[in-house]
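File shown: entry-v4.txt. Contents: compact mmCIF, C-alpha atoms.
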```txt
# COMPACT_ATOMS: atom_id res chain seq x y z
CA MET A 1 66.28 160.88 41.46
CA LYS A 2 67.87 161.44 44.87
CA LEU A 3 67.63 160.26 48.45
CA LYS A 4 64.74 161.48 50.55
CA TYR A 5 66.93 162.20 53.59
CA ASP A 6 70.46 163.30 54.28
CA PHE A 7 72.58 160.38 55.38
CA VAL A 8 75.89 160.00 57.16
CA ILE A 9 77.82 157.01 55.82
CA ASN A 10 80.63 155.48 57.84
CA SER A 11 82.19 152.13 58.65
CA VAL A 12 81.18 150.29 61.83
CA ALA A 13 82.86 146.94 62.42
CA ASP A 14 84.03 146.93 58.78
CA LYS A 15 80.45 147.35 57.50
CA MET A 16 79.32 150.49 55.72
CA ILE A 17 76.37 151.97 57.58
CA ALA A 18 74.11 154.81 56.44
CA VAL A 19 72.25 156.74 59.14
CA PRO A 20 69.60 159.34 58.28
CA ILE A 21 69.97 162.77 59.84
CA GLY A 22 67.80 165.81 60.30
CA LYS A 23 64.46 166.54 61.91
CA ASP A 24 62.42 165.03 59.08
CA THR A 25 63.80 161.52 59.69
CA GLU A 26 61.33 160.63 62.46
CA ASP A 27 59.54 158.30 60.01
CA PHE A 28 62.73 156.36 59.40
CA ASN A 29 64.43 155.57 62.67
CA GLY A 30 66.60 152.79 61.28
CA PHE A 31 69.87 152.58 59.43
CA ILE A 32 71.02 150.81 56.30
CA LYS A 33 73.89 148.38 55.90
CA LEU A 34 75.64 148.78 52.56
CA ASN A 35 78.24 146.85 50.63
CA ASN A 36 80.89 148.84 48.74
CA VAL A 37 78.79 149.16 45.57
CA GLY A 38 75.76 150.17 47.61
CA ALA A 39 77.83 152.80 49.43
CA SER A 40 78.97 154.22 46.06
CA ILE A 41 75.40 154.38 44.75
CA PHE A 42 74.19 155.88 48.02
CA THR A 43 76.84 158.57 47.91
CA MET A 44 75.90 159.47 44.31
CA LEU A 45 72.21 159.65 45.25
CA LYS A 46 72.90 162.35 47.81
CA GLU A 47 72.70 164.60 44.73
CA ASP A 48 70.09 164.38 42.02
CA CYS A 49 71.24 161.91 39.32
CA THR A 50 69.90 159.41 36.77
CA GLU A 51 70.23 155.63 36.68
CA GLU A 52 72.42 156.03 33.57
CA GLN A 53 74.79 158.36 35.40
CA ILE A 54 75.15 155.87 38.25
CA VAL A 55 75.82 152.96 35.86
CA SER A 56 78.37 155.02 33.98
CA ALA A 57 80.19 156.07 37.18
CA LEU A 58 80.28 152.47 38.45
CA GLN A 59 81.69 151.25 35.14
CA ASN A 60 84.70 153.48 35.72
CA GLU A 61 85.00 152.29 39.31
CA TYR A 62 84.55 148.55 38.65
CA GLU A 63 86.35 147.87 35.37
CA ASP A 64 86.17 144.07 35.77
CA ALA A 65 82.36 143.97 35.90
CA THR A 66 80.29 143.77 32.71
CA ASN A 67 77.83 146.47 31.74
CA GLU A 68 74.92 144.05 32.32
CA GLU A 69 76.12 143.11 35.80
CA ILE A 70 76.40 146.75 36.82
CA ARG A 71 73.06 147.69 35.29
CA GLU A 72 71.37 144.77 37.09
CA THR A 73 72.99 145.70 40.43
CA VAL A 74 71.91 149.33 40.11
CA LYS A 75 68.34 148.33 39.20
CA GLU A 76 68.08 146.00 42.19
CA PHE A 77 69.50 148.58 44.54
CA ILE A 78 67.17 151.33 43.34
CA ALA A 79 64.21 148.96 43.62
CA ARG A 80 65.22 148.32 47.23
CA LEU A 81 65.39 152.05 47.95
CA GLU A 82 61.96 152.54 46.40
CA LYS A 83 60.54 149.70 48.47
CA GLU A 84 61.95 151.28 51.65
CA ASP A 85 60.56 154.65 50.54
CA LEU A 86 63.98 156.28 50.67
CA LEU A 87 63.85 158.15 47.37
CA ALA A 88 62.51 161.70 47.13
CA MET B 1 73.01 173.72 89.83
CA ILE B 2 76.11 172.05 88.42
CA VAL B 3 76.02 168.27 88.01
CA ARG B 4 79.05 166.17 87.17
CA LEU B 5 78.06 163.49 84.65
CA ALA B 6 80.76 161.25 83.15
CA ASP B 7 83.29 163.76 84.55
CA PHE B 8 81.73 166.62 82.61
CA ASN B 9 80.43 169.56 84.61
CA ILE B 10 76.96 170.43 83.33
CA ASP B 11 75.27 173.65 84.35
CA TYR B 12 71.61 172.67 84.52
CA GLN B 13 69.11 175.42 85.40
CA TYR B 14 66.10 173.27 86.12
CA ARG B 15 62.49 174.40 86.51
CA TYR B 16 61.04 171.63 88.67
CA LEU B 17 62.50 170.58 92.03
CA THR B 18 62.20 166.92 91.09
CA GLN B 19 65.23 167.49 88.87
CA GLN B 20 67.31 168.39 91.90
CA GLU B 21 66.18 165.21 93.65
CA MET B 22 66.88 163.14 90.57
CA CYS B 23 70.41 164.56 90.23
CA ALA B 24 71.18 164.70 93.97
CA ASP B 25 74.09 162.24 93.80
CA TYR B 26 75.70 164.18 90.96
CA ILE B 27 75.54 167.77 92.22
CA VAL B 28 78.91 169.50 92.70
CA SER B 29 79.91 172.93 93.97
CA ASP B 30 78.69 175.99 92.05
CA ASP B 31 82.33 177.10 91.91
CA GLU B 32 83.25 174.31 89.48
CA SER B 33 84.11 175.30 85.90
CA VAL B 34 81.37 174.42 83.42
CA ASP B 35 81.79 172.23 80.33
CA TYR B 36 78.27 172.64 78.99
CA ALA B 37 75.06 174.46 79.95
CA ILE B 38 71.56 173.08 79.51
CA ARG B 39 68.35 175.10 79.72
CA VAL B 40 65.10 173.33 78.94
CA GLN B 41 62.67 175.87 77.51
CA LYS B 42 59.33 176.28 79.28
CA ARG B 43 57.54 176.35 75.93
CA GLU B 44 59.11 173.02 74.97
CA ILE B 45 57.75 171.38 78.14
CA GLU B 46 54.30 172.96 77.71
CA ASP B 47 54.07 171.74 74.11
CA ALA B 48 55.06 168.21 75.14
CA VAL B 49 52.48 168.15 77.95
CA ALA B 50 49.78 169.44 75.60
CA ASN B 51 50.50 166.69 73.07
CA ASP B 52 50.93 163.89 75.61
CA SER B 53 48.19 161.29 75.80
CA ASP B 54 49.87 159.45 78.70
CA HIS B 55 49.42 162.33 81.18
CA HIS B 56 53.04 162.62 82.29
CA TYR B 57 53.99 165.41 84.70
CA PRO B 58 55.86 168.38 83.21
CA SER B 59 58.93 167.34 85.24
CA TYR B 60 59.01 164.08 83.27
CA PHE B 61 59.51 166.04 80.08
CA GLU B 62 62.06 168.33 81.68
CA SER B 63 64.12 165.26 82.59
CA LEU B 64 63.64 163.81 79.10
CA PHE B 65 64.73 167.00 77.35
CA PHE B 66 67.71 167.39 79.70
CA TYR B 67 68.75 163.83 78.81
CA ARG B 68 68.30 164.42 75.07
CA ASP B 69 70.22 167.68 75.07
CA LEU B 70 73.11 166.01 76.86
CA ALA B 71 72.98 162.92 74.63
CA GLU B 72 73.23 165.13 71.52
CA TRP B 73 76.28 166.92 72.93
CA LEU B 74 78.25 163.95 74.29
CA PRO B 75 79.52 162.45 70.99
CA LEU B 76 81.38 165.68 70.23
CA HIS B 77 83.34 164.95 73.40
CA GLU B 78 84.17 161.26 72.94
CA ALA B 79 81.14 159.96 74.84
CA PHE B 80 77.66 158.58 74.23
CA VAL B 81 74.63 157.10 75.97
CA PHE B 82 74.57 153.31 75.77
CA HIS B 83 71.17 151.73 76.54
CA SER B 84 72.30 148.90 78.79
CA ALA B 85 72.49 147.58 82.33
CA CYS B 86 76.07 148.18 83.37
CA PHE B 87 77.98 147.01 86.44
CA ASP B 88 81.42 146.40 87.88
CA VAL B 89 82.72 143.02 89.07
CA ASP B 90 86.09 143.09 90.84
CA GLY B 91 87.12 146.18 88.83
CA VAL B 92 85.93 144.83 85.46
CA GLY B 93 83.01 146.51 83.69
CA VAL B 94 80.20 144.49 82.14
CA ALA B 95 77.27 145.81 80.07
CA PHE B 96 74.12 143.82 79.34
CA THR B 97 72.25 145.17 76.37
CA ALA B 98 69.02 144.15 74.65
CA HIS B 99 65.70 145.58 73.60
CA SER B 100 63.58 146.80 76.50
CA GLY B 101 61.68 143.97 78.11
CA THR B 102 64.17 141.23 77.24
CA GLY B 103 65.27 140.87 80.85
CA LYS B 104 68.70 142.48 81.09
CA THR B 105 67.89 144.01 84.47
CA THR B 106 66.53 140.70 85.75
CA HIS B 107 69.67 138.91 84.61
CA MET B 108 71.83 141.59 86.23
CA ARG B 109 69.94 141.05 89.48
CA LEU B 110 70.78 137.34 89.31
CA TRP B 111 74.47 138.26 89.02
CA LYS B 112 74.12 140.60 92.01
CA ASP B 113 72.50 137.83 94.08
CA MET B 114 75.40 135.55 93.16
CA LEU B 115 78.29 138.01 93.58
CA GLY B 116 77.03 140.22 96.42
CA GLU B 117 79.53 142.88 97.49
CA ARG B 118 81.92 142.01 94.67
CA MET B 119 79.50 143.62 92.23
CA THR B 120 78.46 147.31 91.98
CA VAL B 121 75.63 148.30 89.69
CA ILE B 122 76.73 151.38 87.72
CA ASN B 123 73.45 152.03 85.92
CA GLY B 124 70.45 149.90 85.02
CA ASP B 125 69.33 151.73 81.90
CA LYS B 126 71.33 154.62 80.45
CA PRO B 127 75.01 154.69 81.42
CA ILE B 128 77.32 157.06 79.58
CA VAL B 129 80.37 155.53 77.90
CA ARG B 130 83.33 157.88 77.62
CA PHE B 131 86.82 157.67 76.11
CA PHE B 132 89.73 159.89 77.15
CA LYS B 133 92.46 161.25 74.89
CA ASP B 134 95.26 159.73 76.96
CA GLU B 135 93.53 156.30 77.15
CA ILE B 136 92.09 156.13 73.69
CA ASN B 137 91.25 152.41 73.86
CA THR B 138 89.74 152.35 77.34
CA PRO B 139 85.99 152.88 77.48
CA TYR B 140 84.67 153.98 80.87
CA ALA B 141 81.01 153.46 81.74
CA TYR B 142 79.53 156.02 84.13
CA GLY B 143 76.41 156.13 86.24
CA THR B 144 73.74 158.72 85.36
CA PRO B 145 70.52 159.95 87.00
CA TRP B 146 68.50 158.04 84.38
CA MET B 147 68.32 154.59 85.94
CA GLY B 148 65.21 153.01 84.46
CA LYS B 149 62.08 152.00 86.28
CA GLU B 150 63.91 149.77 88.77
CA HIS B 151 66.16 152.68 89.77
CA TYR B 152 69.41 150.71 89.82
CA GLY B 153 72.54 152.80 89.72
CA THR B 154 75.22 154.74 91.50
CA ASN B 155 77.54 157.67 90.88
CA ALA B 156 80.58 155.59 89.90
CA ARG B 157 82.45 154.44 86.83
CA THR B 158 84.05 151.23 85.59
CA ARG B 159 86.40 150.20 82.79
CA LEU B 160 84.08 148.52 80.34
CA LYS B 161 85.47 145.15 79.25
CA HIS B 162 82.55 142.89 78.35
CA ILE B 163 79.49 143.71 76.26
CA CYS B 164 76.82 141.01 76.49
CA PHE B 165 73.80 140.78 74.21
CA ILE B 166 71.01 139.20 76.24
CA ASN B 167 68.72 136.72 74.59
CA ARG B 168 65.91 134.89 76.38
CA SER B 169 66.21 131.14 76.08
CA LEU B 170 65.11 127.96 77.82
CA GLU B 171 68.71 126.74 78.05
CA ASN B 172 71.61 128.77 79.38
CA SER B 173 74.64 129.25 77.17
CA VAL B 174 77.27 131.83 76.23
CA ILE B 175 78.55 132.42 72.70
CA PRO B 176 81.57 134.63 71.91
CA LEU B 177 80.79 137.12 69.14
CA GLN B 178 82.77 139.06 66.57
CA LYS B 179 82.32 142.77 65.84
CA LYS B 180 80.59 142.03 62.56
CA ASP B 181 77.97 139.92 64.37
CA VAL B 182 76.70 142.76 66.50
CA VAL B 183 76.45 145.82 64.24
CA ASN B 184 72.63 145.76 64.07
CA ARG B 185 72.21 145.08 67.75
CA ILE B 186 74.59 147.75 69.03
CA MET B 187 73.42 150.43 66.59
CA ASN B 188 69.93 150.04 68.00
CA GLN B 189 71.08 150.47 71.60
CA VAL B 190 73.15 153.63 71.34
CA TYR B 191 71.55 157.08 71.44
CA ARG B 192 71.45 158.40 67.90
CA PRO B 193 71.91 162.16 67.63
CA HIS B 194 70.34 164.29 64.91
CA ASP B 195 73.32 166.43 63.95
CA SER B 196 75.54 165.00 61.19
CA VAL B 197 78.84 165.55 63.01
CA SER B 198 77.49 163.91 66.19
CA VAL B 199 76.14 160.98 64.17
CA LEU B 200 79.52 160.44 62.53
CA LYS B 201 81.32 160.66 65.88
CA THR B 202 78.84 158.20 67.41
CA MET B 203 79.54 155.67 64.66
CA GLN B 204 83.27 156.05 65.16
CA LEU B 205 82.91 155.65 68.92
CA ILE B 206 80.76 152.53 68.51
CA ASP B 207 83.41 151.07 66.22
CA ARG B 208 86.10 151.79 68.79
CA LEU B 209 83.99 150.39 71.63
CA LEU B 210 83.52 147.12 69.73
CA SER B 211 87.28 146.88 69.17
CA CYS B 212 88.05 147.45 72.85
CA CYS B 213 85.60 145.00 74.40
CA ASP B 214 84.96 141.28 74.45
CA LEU B 215 81.55 140.57 72.91
CA TRP B 216 79.18 137.84 74.03
CA GLN B 217 75.71 136.56 73.45
CA ILE B 218 74.14 135.31 76.66
CA ASN B 219 71.24 132.97 76.11
CA CYS B 220 69.53 132.75 79.47
CA ASN B 221 66.43 131.84 81.39
CA MET B 222 65.45 133.45 84.69
CA ASP B 223 66.96 130.74 86.88
CA PRO B 224 69.90 131.65 89.21
CA SER B 225 72.01 129.09 87.33
CA ALA B 226 71.83 131.42 84.29
CA ALA B 227 74.10 133.91 86.08
CA GLU B 228 76.50 131.17 87.14
CA THR B 229 76.81 129.82 83.58
CA ALA B 230 77.38 133.26 82.07
CA TYR B 231 79.80 134.44 84.76
CA LYS B 232 81.95 131.31 84.56
CA GLU B 233 82.30 131.57 80.79
CA ILE B 234 82.93 135.30 80.60
CA PHE B 235 85.37 135.48 83.50
CA LYS B 236 87.11 132.16 82.96
CA GLN B 237 90.32 133.67 81.52
CA LYS B 238 90.65 136.03 84.46
CA ARG B 239 90.17 133.18 86.90
CA GLY B 240 92.66 131.00 85.02
CA ASP B 241 90.27 128.09 84.41
```
Would it be possible to restate this file's structure as structure tokens?
Amino acid sequence: MKLKYDFVINSVADKMIAVPIGKDTEDFNGFIKLNNVGASIFTMLKEDCTEEQIVSALQNEYEDATNEEIRETVKEFIARLEKEDLLA
Amino acid sequence: MIVRLADFNIDYQYRYLTQQEMCADYIVSDDESVDYAIRVQKREIEDAVANDSDHHYPSYFESLFFYRDLAEWLPLHEAFVFHSACFDVDGVGVAFTAHSGTGKTTHMRLWKDMLGERMTVINGDKPIVRFFKDEINTPYAYGTPWMGKEHYGTNARTRLKHICFINRSLENSVIPLQKKDVVNRIMNQVYRPHDSVSVLKTMQLIDRLLSCCDLWQINCNMDPSAAETAYKEIFKQKRGD
């Protein structure tokens, strides 16, 4: 799976913000606020990758979190992206 | 013709004379050096007219495409279009921002009625905010030819100090805000380019703008006392109250 649009991710007022770019973004004129984990997932989803690959990468990044916590977070985040129709 | 907008010289070869009228206050000598050139394509205007159900004149689209072309270019040069009603009070710049129809222009008019000659309207709809390399933390707001339906504006600039988010309310009050409180609201009021580099620059400029300015929420009704309440609170430090 991967994101439907290209996004630019940057900090505004200490919040990570993702803004879609390109001509095909007319259907999505908004932007997305992300926490640090969300920004990591978002960055990974710029390229095609699996849920397992994301969980595995986050486990290396967040060593204090349990496997279940990370898996749950990733599932919730992906469900949110699906709901917003942001996955290709 | 060459128009000077936000101290950039723009070579604009227009097709319809209304563009010259619209830009009259901003035209400079043809001898000036040019920072950027804009040509709106005839085909682009014709396509827009053909697909327009609101029956706008072709010159409307020429103006719109001129604005968009400029707004896409500005972030690469430390500037952007900020949808707001912007004015100067005693040398201090104030911007009222809100969704269209909230009443920012009406509230600005109440301030003008109260302050008279002390206040100069810079632009009622689409001022350009620009930073300079030697004054990296000083945002300047400039007038533009795009002044909204009320046509409030002048070819002038001000140092932007206060950004006020207007909210209609029965009672008048002013609430100081932090940067983190306004991310959604400001992101929706700044022109968003389509190119990735311009988008990134815009986000960086918004972040800098929020760090440079005092941020306020003005809850206001349409009574003249609304302007008095807001002005007293926002300018109280300057007045030493």
Taking only C-alpha atoms into account, which residues of chain B are within 6 Å of chain A, as number ranges by chain?
B: 179-180, 194, 207
Within 8 Å of segment 64-68 of chain A, counting all atoms listed in the file, which residues qualify if same-chain residues fewer than 4 places away don't, as a short mmCIF file (atom, residue, chain, number, x, y, z; two decimals) with C-alpha atoms, in the coordinates of the input?
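Full text of result36.cif as output:
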```cif
data_model
loop_
_atom_site.label_atom_id
_atom_site.label_comp_id
_atom_site.auth_asym_id
_atom_site.auth_seq_id
_atom_site.Cartn_x
_atom_site.Cartn_y
_atom_site.Cartn_z
CA VAL A 55 75.82 152.96 35.86
CA GLN A 59 81.69 151.25 35.14
CA GLU A 72 71.37 144.77 37.09
#
```
Polymer residues at most 12 Å from Ser198 of chain B, all atoms listed in the file, same-chain spacing of 3 or more positions, as a PDB file with C-alpha atoms, in the coordinates of the input:
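What ended up in selection-v3.pdb:
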```pdb
ATOM      1  CA  VAL A   8      75.890 160.000  57.160  1.00  0.00           C
ATOM      2  CA  VAL A  19      72.250 156.740  59.140  1.00  0.00           C
ATOM      3  CA  ILE A  21      69.970 162.770  59.840  1.00  0.00           C
ATOM      4  CA  GLY A  22      67.800 165.810  60.300  1.00  0.00           C
TER       5      GLY A  22
ATOM      6  CA  LEU B  70      73.110 166.010  76.860  1.00  0.00           C
ATOM      7  CA  ALA B  71      72.980 162.920  74.630  1.00  0.00           C
ATOM      8  CA  GLU B  72      73.230 165.130  71.520  1.00  0.00           C
ATOM      9  CA  TRP B  73      76.280 166.920  72.930  1.00  0.00           C
ATOM     10  CA  LEU B  74      78.250 163.950  74.290  1.00  0.00           C
ATOM     11  CA  PRO B  75      79.520 162.450  70.990  1.00  0.00           C
ATOM     12  CA  LEU B  76      81.380 165.680  70.230  1.00  0.00           C
ATOM     13  CA  HIS B  77      83.340 164.950  73.400  1.00  0.00           C
ATOM     14  CA  GLU B  78      84.170 161.260  72.940  1.00  0.00           C
ATOM     15  CA  ALA B  79      81.140 159.960  74.840  1.00  0.00           C
ATOM     16  CA  PHE B  80      77.660 158.580  74.230  1.00  0.00           C
ATOM     17  CA  TYR B 191      71.550 157.080  71.440  1.00  0.00           C
ATOM     18  CA  ARG B 192      71.450 158.400  67.900  1.00  0.00           C
ATOM     19  CA  PRO B 193      71.910 162.160  67.630  1.00  0.00           C
ATOM     20  CA  HIS B 194      70.340 164.290  64.910  1.00  0.00           C
ATOM     21  CA  ASP B 195      73.320 166.430  63.950  1.00  0.00           C
ATOM     22  CA  LYS B 201      81.320 160.660  65.880  1.00  0.00           C
ATOM     23  CA  THR B 202      78.840 158.200  67.410  1.00  0.00           C
ATOM     24  CA  MET B 203      79.540 155.670  64.660  1.00  0.00           C
ATOM     25  CA  GLN B 204      83.270 156.050  65.160  1.00  0.00           C
ATOM     26  CA  LEU B 205      82.910 155.650  68.920  1.00  0.00           C
TER      27      LEU B 205
END
```
Please compute the atom CA of Lys2 of chain A-atom CA of Gly38 of chain A distance, one decimal, in Å.
14.0 Å
One number please: atom CA of Ile78 of chain A to atom CA of Ala39 of chain A, in Å, one decimal.
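Computed distance, atom CA of Ile78 of chain A to atom CA of Ala39 of chain A, equals 12.4 Å.
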For segment 147-155 of chain B: contacts at 8 Å, all atoms listed in the file, fewer than 3 positions along chain excluded, given as a PyMOL selection string:
chain B and resi 25-26+121-126+142-144
Once 3 Å is added on each side, what are the centre and the three edge lengths, in Å to one decimal, of the axis-aligned box enclosing the listed atoms of segment 55-71 of chain A? Present them as lines of an AutoDock Vina configuration file.
```
center_x = 79.7
center_y = 149.6
center_z = 35.5
size_x = 19.3
size_y = 19.0
size_z = 13.6
```
